[in-house]
4 protein chains.
Amino acid sequence: MTVTLHCLADVCLIPIGTAHSSVSNEVTLITQLARKSHLHTVLHSAGTTIEGPWNEVCNLIGEMHELIHANGVVRIQSDIRIGTRTDKSQLPQDKINIVEKKLKDLEK
Amino acid sequence: MTVTLHCLADVCLIPIGTAHSSVSNEVTLITQLARKSHLHTVLHSAGTTIEGPWNEVCNLIGEMHELIHANGVVRIQSDIRIGTRTDKSQLPQDKINIVEKKLKDLEK
Amino acid sequence: MTVTLHCLADVCLIPIGTAHSSVSNEVTLITQLARKSHLHTVLHSAGTTIEGPWNEVCNLIGEMHELIHANGVVRIQSDIRIGTRTDKSQLPQDKINIVEKKLKDLEK
Amino acid sequence: MTVTLHCLADVCLIPIGTAHSSVSNEVTLITQLARKSHLHTVLHSAGTTIEGPWNEVCNLIGEMHELIHANGVVRIQSDIRIGTRTDKSQLPQDKINIVEKKLKDLEK
């Protein structure tokens with residue numbers, strides 16, 4: 001049965017065998033795809049964070065691979081960090097805010 | 001549309017907040033799940049390698065999360081390395097065999 | 001010989017066996033350590049990006065492990081994405097800016 | 001101060017911009033380097049597992065990057081899973097053996 005558990009994923013996609021060391025064309029294409037999707041996504045310097053149901057998040061990352069293959073890249077490797085929790089829901093920015101607040105409390 | 005691209009994934013699943021430093025109970029449960037699936041899987045010391053269509057591989061990893069949550073773990077983080085290629089198909093063991101052969105050739 | 005190659009690393013550290021599902025105390029401690037170091041670091045929701053010579057970056061991540069162990073956590077697992085390039089130097093924010101610029105060009 | 005904490009690392013190194021989709025030449029070179037080192041290393045289909053003091057393990061991975069750059073690859077990205085624990089020492093094969101034993105116990 002399809003897994004629809006809520007998750008936070010962070011993906012770093014790497015095209016292989018592209019003959020040029022820049023990956024910004026590929027990151028641009030997958031960022032455009034991410035922003036067109038209905039899922040909440042955030043681009044940072046080491047990857048893209050995606051939030052939503054497990055099956056939809058994984059499918060979006062799969063569509064990123066399909067899109068880059070369609071642009072002529074024959075091999076792609078992604079690193080995905082993916083977390084699920086059943087005790088509460090948390091937005092990506094919440095995680096940063098909690099840490100920044102605790103850092104301020106430490107400085108008092 | 002569902003992504004069915006063939007992929008090789010390697011997953012390292014970590015239960016969080018379990019009160020004990022051992023993760024072997026959780027790895028045992030997900031290994032049992034992996035071996036019951038129809039996908040080809042290999043356990044190694046740093047993770048589990050899974051081969052098959054993108055959607056089925058991602059769904060199996062999602063089922064691992066569901067199973068561990070059902071066993072009382074409220075938070076789980078996985079690291080997934082996932083690769084796709086359109087130029088040829090390759091089994092996990094093929095990749096090792098090629099390297100071992102090239103190492104022997106270097107020694108000649 | 002010690003490797004001093006310039007690198008960009010992104011680390012996601014996970015304490016194991018802590019009896020609570022929150023990791024914000026641990027992330028607060030390592031973020032404080034990161035900001036006290038002379039290396040350039042950026043906190044995001046899925047990890048911390050660190051820039052500098054290979055040996056210093058890896059040592060800082062090792063010090064994060066030591067600090068969390070010193071706070072009573074007996075087991076820690078980190079996922080590190082680390083990149084090096086010899087053709088040019090690039091700041092984390094540069095990578096984002098290039099992609100955002102290319103996205104704007106696509107929309108024209 | 002240099003971190004010498006014992007660790008188990010698992011590294012997957014990816015050359016970028018190589019003009020060919022195969023990475024076996026690069027994996028062969030780093031495997032040869034790993035086997036020449038005094039650290040215990042194991043090659044599997046999704047990476048190389050390395051065991052030893054934190055600074056030596058990280059330095060060996062840095063030497064892998066240096067070696068691949070010296071072979072003409074201008075950009076390299078690695079994914080490293082690295083774990084430390086202060087409660088006991090464990091070999092890579094130990095982790096597999098425990099899980100296989102628990103699987104047999106479950107089947108009884």
# chains A, B, ... in the order shown; residues from 1 in each chain; ligands from 1
call {"tool": "closest_atom_pairs", "arguments": {"of": "chain D", "to": "chain A", "cutoff": "12 Å", "atoms": "only C-alpha atoms", "output": "Markdown table"}}
result
| residue | atom | partner | partner_atom | distance |
| --- | --- | --- | --- | --- |
| D:Val11 | CA | A:Asp79 | CA | 11.9 |
| D:Cys12 | CA | A:Asp79 | CA | 9.9 |
| D:Leu13 | CA | A:Gln77 | CA | 10.4 |
| D:Ile14 | CA | A:Ile16 | CA | 7.8 |
| D:Pro15 | CA | A:Ile16 | CA | 7.2 |
| D:Ile16 | CA | A:Ser21 | CA | 5.7 |
| D:Gly17 | CA | A:Ala19 | CA | 4.2 |
| D:Thr18 | CA | A:Gly17 | CA | 5.0 |
| D:Ala19 | CA | A:Ala19 | CA | 3.9 |
| D:His20 | CA | A:Gly17 | CA | 4.3 |
| D:Ser21 | CA | A:Gly17 | CA | 4.4 |
| D:Ser22 | CA | A:Gly17 | CA | 7.5 |
| D:Val23 | CA | A:Ile16 | CA | 8.6 |
| D:Ala46 | CA | A:Gln77 | CA | 11.0 |
| D:Gly72 | CA | A:Ser21 | CA | 11.6 |
| D:Val73 | CA | A:Ser21 | CA | 8.8 |
| D:Val74 | CA | A:Ser21 | CA | 6.8 |
| D:Arg75 | CA | A:Ser21 | CA | 6.0 |
| D:Ile76 | CA | A:Ser21 | CA | 8.9 |
| D:Gln77 | CA | A:Ile14 | CA | 8.3 |
| D:Ser78 | CA | A:Asp79 | CA | 9.6 |
| D:Asp79 | CA | A:Asp79 | CA | 7.3 |
| D:Ile80 | CA | A:Asp79 | CA | 10.2 |
| D:Arg81 | CA | A:Asp79 | CA | 11.1 |
call {"tool": "write_last_selection", "arguments": {"atoms": "C-alpha atoms", "output": "PDB file, in the first residue's frame"}}
result
ATOM      1  CA  VAL D  11      31.853   7.085   1.827  1.00  0.00           C
ATOM      2  CA  CYS D  12      30.337   7.307  -1.648  1.00  0.00           C
ATOM      3  CA  LEU D  13      32.527   9.501  -3.886  1.00  0.00           C
ATOM      4  CA  ILE D  14      31.209  10.962  -7.153  1.00  0.00           C
ATOM      5  CA  PRO D  15      33.385  12.614  -9.833  1.00  0.00           C
ATOM      6  CA  ILE D  16      31.597  15.492 -11.609  1.00  0.00           C
ATOM      7  CA  GLY D  17      32.131  16.657 -15.184  1.00  0.00           C
ATOM      8  CA  THR D  18      33.996  13.566 -16.372  1.00  0.00           C
ATOM      9  CA  ALA D  19      32.339  13.204 -19.815  1.00  0.00           C
ATOM     10  CA  HIS D  20      31.650   9.511 -19.193  1.00  0.00           C
ATOM     11  CA  SER D  21      28.940   7.947 -17.056  1.00  0.00           C
ATOM     12  CA  SER D  22      31.151   5.203 -15.619  1.00  0.00           C
ATOM     13  CA  VAL D  23      32.780   5.904 -12.254  1.00  0.00           C
ATOM     14  CA  ALA D  46      27.135   1.688  -2.611  1.00  0.00           C
ATOM     15  CA  GLY D  72      42.119  15.266 -13.933  1.00  0.00           C
ATOM     16  CA  VAL D  73      38.689  15.446 -12.324  1.00  0.00           C
ATOM     17  CA  VAL D  74      38.021  19.099 -11.389  1.00  0.00           C
ATOM     18  CA  ARG D  75      35.011  18.560  -9.137  1.00  0.00           C
ATOM     19  CA  ILE D  76      34.124  15.808  -6.660  1.00  0.00           C
ATOM     20  CA  GLN D  77      31.197  15.317  -4.300  1.00  0.00           C
ATOM     21  CA  SER D  78      31.180  12.708  -1.532  1.00  0.00           C
ATOM     22  CA  ASP D  79      28.444  11.508   0.759  1.00  0.00           C
ATOM     23  CA  ILE D  80      29.792  10.317   4.108  1.00  0.00           C
ATOM     24  CA  ARG D  81      27.853   8.529   6.839  1.00  0.00           C
TER      25      ARG D  81
END
call {"tool": "select_by_dssp", "arguments": {"residues": "chain D", "states": "alpha helix (DSSP H)", "output": "PyMOL selection string"}}
result
chain D and resi 24-36+54-70+92-107
call {"tool": "residues_around", "arguments": {"residues": "Thr31 (chain D)", "least_positions_apart": "4", "cutoff": "8 Å", "atoms": "only C-alpha atoms", "output": "PDB file with C-alpha atoms, in the first residue's frame"}}
result
ATOM      1  CA  VAL D  27      36.377   3.864  -7.575  1.00  0.00           C
ATOM      2  CA  ARG D  35      43.685  -0.899   0.705  1.00  0.00           C
ATOM      3  CA  LEU D  43      34.191  -2.041  -0.472  1.00  0.00           C
ATOM      4  CA  THR D  48      33.460   2.095   1.021  1.00  0.00           C
TER       5      THR D  48
END
call {"tool": "residues_around", "arguments": {"residues": "region 88-105 of chain C", "least_positions_apart": "3", "cutoff": "12 Å", "atoms": "only C-alpha atoms", "output": "PyMOL selection string"}}
result
(chain A and resi 21-35+42-48) or (chain C and resi 5-10+40-44+48-52+83-85+108) or (chain D and resi 74-75)
call {"tool": "atom_distance", "arguments": {"atom1": "CA of Asn59 (chain C)", "atom2": "CA of Val3 (chain D)"}}
result
6.0 Å
call {"tool": "atom_distance", "arguments": {"atom1": "CA of Lys36 (chain A)", "atom2": "CA of Cys58 (chain B)"}}
result
21.9 Å
call {"tool": "atom_distance", "arguments": {"atom1": "CA of Leu39 (chain C)", "atom2": "CA of Met1 (chain D)"}}
result
14.9 Å
